[in-house]
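Raw upload_15.txt, compact mmCIF, C-alpha atoms:
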# COMPACT_ATOMS: atom_id res chain seq x y z
CA MET A 1 71.13 57.89 -55.45
CA MET A 2 70.15 57.40 -51.81
CA THR A 3 72.07 59.30 -49.22
CA LEU A 4 74.31 57.27 -46.96
CA LYS A 5 72.31 58.55 -44.00
CA LEU A 6 69.06 57.09 -45.30
CA GLN A 7 70.83 53.87 -46.22
CA VAL A 8 72.04 53.53 -42.62
CA ILE A 9 68.62 54.36 -41.13
CA ILE A 10 66.82 51.84 -43.34
CA GLY A 11 69.51 49.29 -42.61
CA ILE A 12 69.12 49.74 -38.85
CA PHE A 13 65.34 49.34 -39.06
CA LEU A 14 65.65 46.19 -41.13
CA LEU A 15 68.24 44.66 -38.81
CA MET A 16 66.05 45.43 -35.81
CA ALA A 17 63.06 43.78 -37.48
CA LEU A 18 65.21 40.79 -38.38
CA PHE A 19 66.42 40.51 -34.80
CA VAL A 20 62.88 40.66 -33.38
CA ILE A 21 61.64 37.99 -35.78
CA ILE A 22 64.52 35.63 -35.06
CA TYR A 23 64.08 36.20 -31.33
CA MET A 24 60.38 35.34 -31.58
CA ILE A 25 61.08 32.22 -33.58
CA LYS A 26 63.61 31.19 -30.94
CA LYS A 27 61.00 31.72 -28.23
CA ARG A 28 58.55 29.68 -30.31
CA SER A 29 55.96 32.45 -30.29
CA LEU A 30 56.26 32.73 -34.06
CA ASP A 31 56.03 29.74 -36.35
CA LEU A 32 58.94 29.54 -38.79
CA LYS A 33 56.47 28.60 -41.51
CA TYR A 34 54.70 31.94 -41.24
CA ALA A 35 57.85 33.95 -40.51
CA LEU A 36 59.55 32.77 -43.68
CA SER A 37 57.93 35.32 -45.97
CA TRP A 38 58.87 38.13 -43.56
CA LEU A 39 62.47 36.91 -43.37
CA LEU A 40 62.75 36.73 -47.14
CA ALA A 41 61.30 40.20 -47.57
CA ILE A 42 63.68 41.70 -45.04
CA VAL A 43 66.75 39.99 -46.47
CA PHE A 44 65.82 41.08 -49.98
CA VAL A 45 65.38 44.73 -49.04
CA LEU A 46 68.54 44.57 -46.91
CA VAL A 47 70.58 43.40 -49.89
CA LEU A 48 69.26 46.28 -51.98
CA ASP A 49 70.00 48.68 -49.15
CA CYS A 50 73.60 47.51 -48.83
CA PHE A 51 74.29 47.49 -52.56
CA PRO A 52 72.45 50.54 -53.92
CA ILE A 53 73.91 49.94 -57.38
CA LEU A 54 71.47 47.03 -57.77
CA LEU A 55 68.70 49.34 -56.75
CA VAL A 56 69.72 51.99 -59.25
CA LYS A 57 69.76 49.42 -62.05
CA LEU A 58 66.41 48.02 -61.02
CA SER A 59 64.88 51.50 -60.77
CA ALA A 60 66.19 52.46 -64.20
CA ALA A 61 64.86 49.22 -65.69
CA LEU A 62 61.37 49.84 -64.28
CA GLY A 63 61.35 53.57 -64.94
CA VAL A 64 61.39 54.65 -61.30
CA TRP A 65 63.07 58.02 -60.86
CA ALA A 66 64.36 57.95 -57.31
CA PRO A 67 65.90 54.62 -56.21
CA VAL A 68 64.64 55.20 -52.68
CA ASN A 69 61.08 55.04 -54.02
CA MET A 70 61.95 51.62 -55.39
CA ILE A 71 62.71 50.44 -51.85
CA PHE A 72 59.36 51.74 -50.59
CA PHE A 73 57.55 50.27 -53.55
CA LEU A 74 59.11 46.85 -53.04
CA GLY A 75 58.39 46.95 -49.32
CA PHE A 76 54.78 47.82 -50.10
CA CYS A 77 54.47 44.94 -52.57
CA PHE A 78 55.91 42.47 -50.08
CA SER A 79 53.50 43.70 -47.41
CA LEU A 80 50.53 43.27 -49.72
CA VAL A 81 51.57 39.73 -50.61
CA ILE A 82 51.96 38.84 -46.95
CA ILE A 83 48.61 40.40 -45.97
CA PHE A 84 46.83 38.62 -48.78
CA THR A 85 48.38 35.30 -47.81
CA LEU A 86 47.13 35.91 -44.28
CA THR A 87 43.58 36.48 -45.51
CA VAL A 88 43.72 33.22 -47.45
CA MET A 89 45.02 31.42 -44.38
CA LEU A 90 42.34 33.00 -42.22
CA SER A 91 39.63 31.67 -44.55
CA ARG A 92 41.15 28.23 -44.36
CA MET A 93 41.40 28.41 -40.57
CA ALA A 94 37.77 29.53 -40.25
CA GLU A 95 36.75 26.56 -42.40
CA ARG A 96 38.75 24.18 -40.22
CA VAL A 97 37.36 25.62 -36.98
CA ARG A 98 33.84 25.26 -38.36
CA LYS A 99 34.36 21.61 -39.31
CA LEU A 100 35.98 20.88 -35.98
CA SER A 101 33.18 22.39 -33.90
CA GLN A 102 30.55 20.62 -35.99
CA ALA A 103 32.34 17.34 -35.37
CA VAL A 104 32.47 18.10 -31.63
CA ALA A 105 28.73 18.83 -31.56
CA LEU A 106 27.90 15.62 -33.46
CA ASN A 107 30.11 13.52 -31.21
CA GLU A 108 28.72 15.05 -28.06
CA GLU A 109 25.19 14.21 -29.15
CA LYS A 110 26.22 10.65 -29.92
CA LEU A 111 27.88 10.31 -26.53
CA GLU A 112 24.77 11.65 -24.82
CA ARG A 113 22.60 9.14 -26.70
CA MET A 114 24.93 6.24 -25.96
CA SER A 115 25.21 7.01 -22.27
CA LYS A 116 21.44 7.25 -22.00
CA LEU A 117 21.15 3.84 -23.66
CA LEU A 118 23.75 2.42 -21.31
CA LYS A 119 21.91 3.71 -18.26
CA GLU A 120 18.68 2.15 -19.45
CA ARG A 121 20.43 -1.16 -19.95
CA GLU A 122 21.95 -1.05 -16.50
CA LYS A 123 18.51 -0.58 -15.01
CA GLU A 124 17.14 -3.67 -16.71
CA MET B 1 10.48 7.24 -44.38
CA LYS B 2 12.81 8.94 -41.89
CA SER B 3 12.27 12.67 -41.53
CA LEU B 4 14.07 15.20 -39.39
CA VAL B 5 13.27 18.72 -38.26
CA ILE B 6 16.41 20.83 -37.95
CA ILE B 7 15.92 23.65 -35.46
CA PRO B 8 18.80 26.12 -35.24
CA ALA B 9 18.62 28.04 -31.97
CA TYR B 10 20.52 31.01 -30.64
CA ASN B 11 19.18 32.38 -27.35
CA GLU B 12 15.70 30.90 -27.74
CA GLU B 13 15.11 29.73 -24.14
CA LYS B 14 11.63 31.26 -24.08
CA SER B 15 10.28 29.86 -27.34
CA ILE B 16 12.18 26.61 -27.91
CA LEU B 17 9.87 24.38 -25.85
CA ARG B 18 6.81 25.80 -27.57
CA THR B 19 8.40 25.05 -30.95
CA VAL B 20 9.15 21.46 -29.97
CA GLU B 21 5.64 20.94 -28.56
CA ASP B 22 4.23 22.24 -31.85
CA ILE B 23 6.25 19.64 -33.75
CA GLN B 24 5.37 16.80 -31.34
CA LYS B 25 1.70 17.65 -31.68
CA ASN B 26 1.38 18.55 -35.34
CA ALA B 27 4.15 16.53 -36.99
CA PRO B 28 4.47 13.39 -34.86
CA GLU B 29 6.20 11.39 -37.62
CA PHE B 30 9.14 13.76 -37.63
CA ASP B 31 12.22 13.42 -35.47
CA TYR B 32 13.69 16.71 -34.39
CA ILE B 33 17.01 18.08 -33.25
CA ILE B 34 18.01 21.44 -31.82
CA ILE B 35 21.31 22.97 -32.87
CA ASN B 36 22.38 25.18 -30.02
CA ASP B 37 24.69 27.75 -31.62
CA CYS B 38 26.56 28.55 -28.41
CA SER B 39 23.63 30.42 -26.84
CA THR B 40 24.43 32.70 -23.93
CA ASP B 41 21.09 32.06 -22.24
CA LYS B 42 19.64 28.81 -20.88
CA THR B 43 18.65 27.28 -24.23
CA LEU B 44 20.93 24.28 -23.68
CA SER B 45 19.78 23.43 -20.14
CA VAL B 46 16.12 23.99 -21.08
CA CYS B 47 16.50 21.41 -23.88
CA ARG B 48 18.54 18.94 -21.83
CA ASN B 49 16.06 19.07 -18.93
CA ALA B 50 13.19 18.39 -21.31
CA GLY B 51 15.10 15.48 -22.86
CA ILE B 52 15.20 17.14 -26.29
CA PRO B 53 18.11 15.99 -28.48
CA VAL B 54 20.65 18.78 -28.93
CA LEU B 55 23.67 19.32 -31.13
CA ASN B 56 25.68 21.65 -28.96
CA LEU B 57 28.16 23.79 -30.89
CA PRO B 58 31.19 24.71 -28.76
CA ILE B 59 31.63 28.03 -30.58
CA ASN B 60 29.15 30.32 -32.29
CA LEU B 61 29.13 29.50 -36.00
CA GLY B 62 26.24 31.68 -37.10
CA ILE B 63 23.07 30.49 -38.79
CA GLY B 64 24.81 28.88 -41.79
CA GLY B 65 27.21 26.75 -39.79
CA ALA B 66 24.45 25.79 -37.35
CA VAL B 67 22.01 24.67 -40.03
CA GLN B 68 24.76 22.76 -41.80
CA THR B 69 25.44 20.84 -38.58
CA GLY B 70 21.81 19.73 -38.77
CA TYR B 71 22.27 18.54 -42.36
CA LEU B 72 25.44 16.69 -41.35
CA TYR B 73 23.44 14.96 -38.63
CA ALA B 74 20.69 14.12 -41.11
CA LYS B 75 23.22 12.65 -43.53
CA LYS B 76 25.05 10.64 -40.87
CA ASN B 77 21.80 9.18 -39.57
CA HIS B 78 20.43 8.42 -43.05
CA TYR B 79 17.38 10.63 -43.03
CA ASP B 80 15.28 10.73 -46.21
CA TYR B 81 13.93 14.21 -45.58
CA ALA B 82 15.14 17.10 -43.47
CA VAL B 83 13.38 20.40 -42.91
CA GLN B 84 14.76 23.62 -41.48
CA PHE B 85 12.48 25.12 -38.91
CA ASP B 86 12.99 28.31 -36.89
CA GLY B 87 13.08 27.98 -33.12
CA ASP B 88 11.51 31.37 -32.48
CA GLY B 89 7.88 30.46 -33.14
CA GLN B 90 7.66 31.92 -36.67
CA HIS B 91 6.97 28.62 -38.36
CA ASP B 92 4.00 26.35 -37.98
CA ALA B 93 4.50 22.59 -37.81
CA VAL B 94 1.06 21.78 -39.25
CA TYR B 95 2.51 22.13 -42.75
CA LEU B 96 5.32 19.62 -42.34
CA GLN B 97 3.40 16.42 -43.13
CA ASP B 98 1.71 18.02 -46.13
CA MET B 99 4.99 19.40 -47.40
CA ARG B 100 6.59 15.98 -47.24
CA ASP B 101 3.67 14.34 -48.99
CA TYR B 102 3.80 17.03 -51.66
CA MET B 103 7.53 16.43 -52.15
CA MET B 104 7.05 12.68 -52.48
CA GLN B 105 4.13 12.99 -54.90
CA ASN B 106 5.99 15.40 -57.16
CA GLN B 107 9.43 13.86 -56.67
CA LEU B 108 10.96 17.15 -55.63
CA ASN B 109 14.45 17.66 -54.29
CA MET B 110 13.51 20.72 -52.30
CA LEU B 111 10.38 22.47 -51.12
CA ILE B 112 10.36 26.00 -49.76
CA GLY B 113 7.62 27.26 -47.49
CA SER B 114 6.56 30.58 -49.01
CA ARG B 115 4.65 33.42 -47.38
CA PHE B 116 3.99 35.12 -50.69
CA ILE B 117 1.97 32.63 -52.70
CA GLU B 118 -1.31 33.09 -50.88
CA LYS B 119 -0.12 36.30 -49.21
CA GLU B 120 -1.63 35.40 -45.87
CA GLY B 121 -0.31 35.81 -42.33
CA PHE B 122 2.69 37.87 -41.34
CA GLN B 123 4.08 39.46 -44.50
CA SER B 124 7.13 41.25 -43.06
CA SER B 125 7.73 45.00 -43.41
CA SER B 126 7.39 46.65 -46.82
CA LEU B 127 11.12 47.37 -46.95
CA ARG B 128 11.93 43.71 -46.30
CA ARG B 129 9.37 42.63 -48.86
CA PHE B 130 11.07 44.88 -51.37
CA GLY B 131 14.42 43.23 -50.58
CA ILE B 132 12.90 39.78 -50.95
CA ARG B 133 11.32 40.78 -54.30
CA TYR B 134 14.71 41.97 -55.47
CA PHE B 135 16.34 38.62 -54.69
CA SER B 136 13.41 36.85 -56.29
CA VAL B 137 13.94 38.76 -59.55
CA LEU B 138 17.71 38.27 -59.39
CA ILE B 139 17.35 34.52 -58.91
CA GLN B 140 14.87 34.30 -61.76
CA MET B 141 17.26 36.16 -64.04
CA ILE B 142 20.12 33.83 -63.22
CA THR B 143 18.40 30.47 -62.92
CA GLY B 144 15.17 31.04 -64.82
CA LYS B 145 13.19 29.76 -61.85
CA LYS B 146 10.81 31.96 -59.92
CA ILE B 147 11.17 31.65 -56.17
CA THR B 148 8.69 33.98 -54.44
CA ASP B 149 10.24 33.64 -50.98
CA PRO B 150 13.99 33.03 -51.37
CA THR B 151 14.76 34.15 -47.80
CA SER B 152 12.33 31.69 -46.22
CA GLY B 153 13.92 29.70 -43.43
CA MET B 154 11.39 26.90 -43.76
CA ARG B 155 12.80 24.54 -46.34
CA MET B 156 12.54 20.82 -46.80
CA ALA B 157 15.28 18.85 -48.51
CA ASP B 158 15.50 15.31 -49.81
CA LYS B 159 18.47 12.95 -49.51
CA GLU B 160 20.38 14.47 -52.42
CA VAL B 161 20.07 18.03 -51.18
CA ILE B 162 20.88 16.94 -47.61
CA ALA B 163 24.15 15.49 -48.91
CA MET B 164 24.92 18.63 -50.90
CA TYR B 165 24.27 20.93 -47.95
CA ALA B 166 26.16 18.71 -45.53
CA ASP B 167 29.11 19.08 -47.85
CA CYS B 168 28.84 22.77 -48.59
CA TYR B 169 26.68 25.51 -47.11
CA PRO B 170 27.12 29.30 -47.00
CA LYS B 171 28.11 30.86 -43.68
CA ASP B 172 25.92 33.90 -43.19
CA TYR B 173 22.56 34.84 -44.73
CA PRO B 174 22.59 31.46 -46.46
CA GLU B 175 19.05 31.05 -47.78
CA PRO B 176 18.97 32.76 -51.22
CA GLU B 177 22.50 31.67 -52.08
CA SER B 178 21.93 28.03 -51.18
CA VAL B 179 18.73 27.89 -53.23
CA VAL B 180 20.66 29.16 -56.27
CA ALA B 181 23.31 26.47 -55.71
CA ILE B 182 20.64 23.77 -55.71
CA LEU B 183 18.95 25.18 -58.83
CA GLN B 184 22.29 25.36 -60.66
CA ALA B 185 22.86 21.71 -59.86
CA GLY B 186 19.65 20.96 -61.76
CA LYS B 187 17.60 19.93 -58.74
CA LYS B 188 13.83 20.24 -58.69
CA VAL B 189 12.77 23.02 -56.37
CA GLU B 190 9.21 24.15 -55.72
CA GLU B 191 7.40 26.32 -53.22
CA TYR B 192 4.54 25.53 -50.90
CA PRO B 193 2.16 28.15 -49.51
CA VAL B 194 2.50 28.59 -45.76
CA ILE B 195 1.42 31.12 -43.19
CA MET B 196 4.12 32.41 -40.89
CA ARG B 197 3.71 34.19 -37.60
CA GLU B 198 5.55 37.21 -36.37
CA ARG B 199 8.32 35.99 -34.13
CA VAL B 200 7.25 35.60 -30.51
CA ASP B 201 10.55 36.29 -28.77
CA GLY B 202 14.04 37.20 -29.83
CA VAL B 203 15.09 39.52 -32.62
CA SER B 204 15.70 38.94 -36.30
CA SER B 205 19.27 38.04 -37.13
CA ILE B 206 19.19 40.90 -39.64
CA SER B 207 19.28 44.30 -37.93
CA PRO B 208 18.69 47.45 -40.02
CA MET B 209 22.39 48.25 -39.69
CA LYS B 210 23.32 44.97 -41.31
CA SER B 211 20.77 45.08 -44.09
CA VAL B 212 23.05 46.98 -46.47
CA TYR B 213 25.78 44.43 -45.92
CA TYR B 214 23.14 41.73 -46.37
CA MET B 215 22.00 43.06 -49.76
CA ILE B 216 25.53 43.44 -51.12
CA LYS B 217 26.83 40.17 -49.77
CA VAL B 218 23.90 38.08 -50.96
CA THR B 219 23.91 39.73 -54.40
CA LEU B 220 27.61 38.95 -54.81
CA ALA B 221 27.09 35.45 -53.46
CA ILE B 222 24.39 34.78 -56.05
CA PHE B 223 26.74 35.92 -58.80
CA VAL B 224 29.50 33.73 -57.41
CA GLU B 225 27.08 30.81 -57.55
CA TRP B 226 26.42 31.72 -61.16
CA ILE B 227 30.16 31.64 -61.90
CA ARG B 228 30.29 28.22 -60.26
CA ARG B 229 27.44 26.87 -62.37
CA LYS B 230 29.67 24.71 -64.54
CA GLU B 231 31.10 23.01 -61.46
CA TYR B 232 27.63 21.87 -60.44
CA LYS B 233 26.82 20.43 -63.85
CA LYS B 234 29.66 17.93 -63.62
Take the structure in this file and express it as structure tokens.
Amino acid sequence: MMTLKLQVIIGIFLLMALFVIIYMIKKRSLDLKYALSWLLAIVFVLVLDCFPILLVKLSAALGVWAPVNMIFFLGFCFSLVIIFTLTVMLSRMAERVRKLSQAVALNEEKLERMSKLLKEREKE
Amino acid sequence: MKSLVIIPAYNEEKSILRTVEDIQKNAPEFDYIIINDCSTDKTLSVCRNAGIPVLNLPINLGIGGAVQTGYLYAKKNHYDYAVQFDGDGQHDAVYLQDMRDYMMQNQLNMLIGSRFIEKEGFQSSSLRRFGIRYFSVLIQMITGKKITDPTSGMRMADKEVIAMYADCYPKDYPEPESVVAILQAGKKVEEYPVIMRERVDGVSSISPMKSVYYMIKVTLAIFVEWIRRKEYKK
């Protein structure tokens, strides 16, 4: 079993993280879409922290000796999932930025060509 | 027959005019366009002052993204042939007409200017040549086609390949990988002997520090292309 002390410490950390995230969403500096996975992860670990009996059962089922290790393991898994999702999103963003800047370059050239044509016509 | 020379340029203010003059003189039937990949020197103003058409990228995309912009332009403006041509004075425009004629005669989809068929002119350092040989062997193993100069930046593409590259082109160190993609799609690719010069100004995009990354990345990329082979056949 986890000691009550550790339970309280973990709980405080999680609540602080939750508060910061909600505050940032409120200030619109964090998009709810991207914060959702963090919120879910925190709530999930918080539930396990508050009801250690669930944790004990889960640990026993998966063959983890110390339930506290289960908390760390789950936190680690959540982090990995979130980091991987970010890498996927980054690739997509890079692709979009590339397409966008190519479109800007093509349009600029067209504009340049058209305005040159227009000037020539005005002269005639 | 509309033909375009695609000249990617990053900080080439000293050599870009010479490159364009070379094309005007030796390949007068070709249109040309500079892709300014967000140069930090005066490349853009040099081109604009000389009235050279420029595709000006607002952010630096690297060689792959820059060249692809050229292919997009070629596709949008219905060019029949497009050729990549370095802006640093390495390539010689006298070959362009002959290369296009050769492509038309043999109904090729792509023609690569190779330094290693006649082994004349600047042959690169022995270490680089070894790297190029390695890619050559790798590509032959995977596609069955021998390409003596897979890293050559002087490549001419027909309408089909222009469309393919406009749609999809690797980001960095794109040459070997993009050749494999074209071969997997069953396109006809050949090589044409050319003589290249040592670059006049500017430095190679591949520093010794990056060459390890280059080897690993391109090797993996070629294998990824091999995994994708069934996609191309459709």
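In this structure, the chain B residues at most 8 Å away from chain A are Pro53, Val54, Leu55, Asn56, Leu57, Pro58, Ile59, Leu61, Gly65, Thr69 and Tyr73 of chain B, with only C-alpha atoms considered.
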Enclosing box along x, y and z for every listed atom of range 69-84 of chain A, padded 4 Å each side, centre and size in Å, one decimal, as JSON:
{"center_x": 54.8, "center_y": 46.8, "center_z": -50.7, "size_x": 23.9, "size_y": 24.4, "size_z": 17.4}
Answer as a list in words, residues within 7 Å of (19.7, 32.1, -43.6) using all atoms listed in the file
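Protein, DNA and RNA residues close to (19.7, 32.1, -43.6): Ile63, Gly64, Thr151, Gly153, Asp172, Tyr173, Pro174 and Glu175 of chain B.
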Selection as a list of chain:residue names: residues within 8 Å of (20.0, 21.5, -36.1), counting all atoms listed in the file
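It turns out the residues near that spot are B:Val5, B:Ile6, B:Ile7, B:Pro8, B:Ala9, B:Ile33, B:Ile34, B:Ile35, B:Asn36, B:Val54, B:Leu55, B:Ala66, B:Val67, B:Gln68, B:Thr69, B:Gly70, B:Tyr71, B:Tyr73, B:Gln84.
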Just how far from CA of Ala35 in chain A is CA of Tyr23 in chain A, in Å to one decimal?
11.3 Å
Using all atoms listed in the file, which protein or nucleic acid residues come within 8 Å of Ala41 in chain A? Drop anything in the same chain fewer than 3 positions from it, and give the result as a list in words.
Ser37, Trp38, Phe44, Val45, Gly75 and Phe78 of chain A
Separation of CA of Lys25 in chain B from CA of Val94 in chain B, in Å and rounded to one decimal
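Taking CA of Lys25 in chain B and CA of Val94 in chain B, their separation equals 8.6 Å.
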Could you tell me how far CA of Phe30 in chain B lies from CA of Leu4 in chain B, in Å and to one decimal?
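Interatomic distance, CA of Phe30 in chain B to CA of Leu4 in chain B: 5.4 Å.
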Hey, what's within 10 Å of Leu4 in chain A if we count all atoms listed in the file and toss same-chain stuff fewer than 6 positions away? As a PyMOL selection string, please?
chain A and resi 10+49-50+52
Pull C-alpha atoms from the residues just selected and write them as a short mmCIF file (atom, residue, chain, number, x, y, z; two decimals), in the frame of the given file.
data_model
loop_
_atom_site.label_atom_id
_atom_site.label_comp_id
_atom_site.auth_asym_id
_atom_site.auth_seq_id
_atom_site.Cartn_x
_atom_site.Cartn_y
_atom_site.Cartn_z
CA ILE A 10 66.82 51.84 -43.34
CA ASP A 49 70.00 48.68 -49.15
CA CYS A 50 73.60 47.51 -48.83
CA PRO A 52 72.45 50.54 -53.92
#
For Ala221 in chain B, work out the shell of residues within 9 Å, counting only C-alpha atoms and skipping chain neighbours fewer than 5 positions away, then give it as JSON, numbers by chain.
{"B": [170, 176, 177, 216, 226]}
Distance criterion (all atoms listed in the file): nearest to Leu36 in chain A out of A:Ile82, A:Met93, A:Ile71, A:Met2
A:Ile82
Nearest to Val180 in chain B, chosen from B:Lys210, B:Arg228, B:Arg199, B:Lys2, with all atoms listed in the file counted in the distances
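With all atoms listed in the file as the atom set, the closest residue is B:Arg228.
Candidate residues B:Phe85, B:Ile182, B:Leu72, B:Tyr10 were compared for distance to Tyr32 in chain B, and the nearest is B:Phe85, using only C-alpha atoms.
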So that I can check the surroundings of Thr219 in chain B, please list as a ChimeraX atom specification every protein, DNA and RNA residue that reaches within 9 Å of it, counting only C-alpha atoms and ignoring chain neighbours fewer than 5 positions away.
/B:135,138,177,214,224
Pick from B:Cys47, B:Leu108, B:Met215, B:Leu96, whichever lies nearest to Asp31 in chain B using all atoms listed in the file
B:Leu96
Could you name the residues that touch Glu12 in chain B at 10 Å or less, counting all atoms listed in the file, but leaving out those on the same chain fewer than 2 positions away, as an MDAnalysis selection string?
chainID B and resid 8:10 14:17 19 36 39:44 46 86:89 201:203
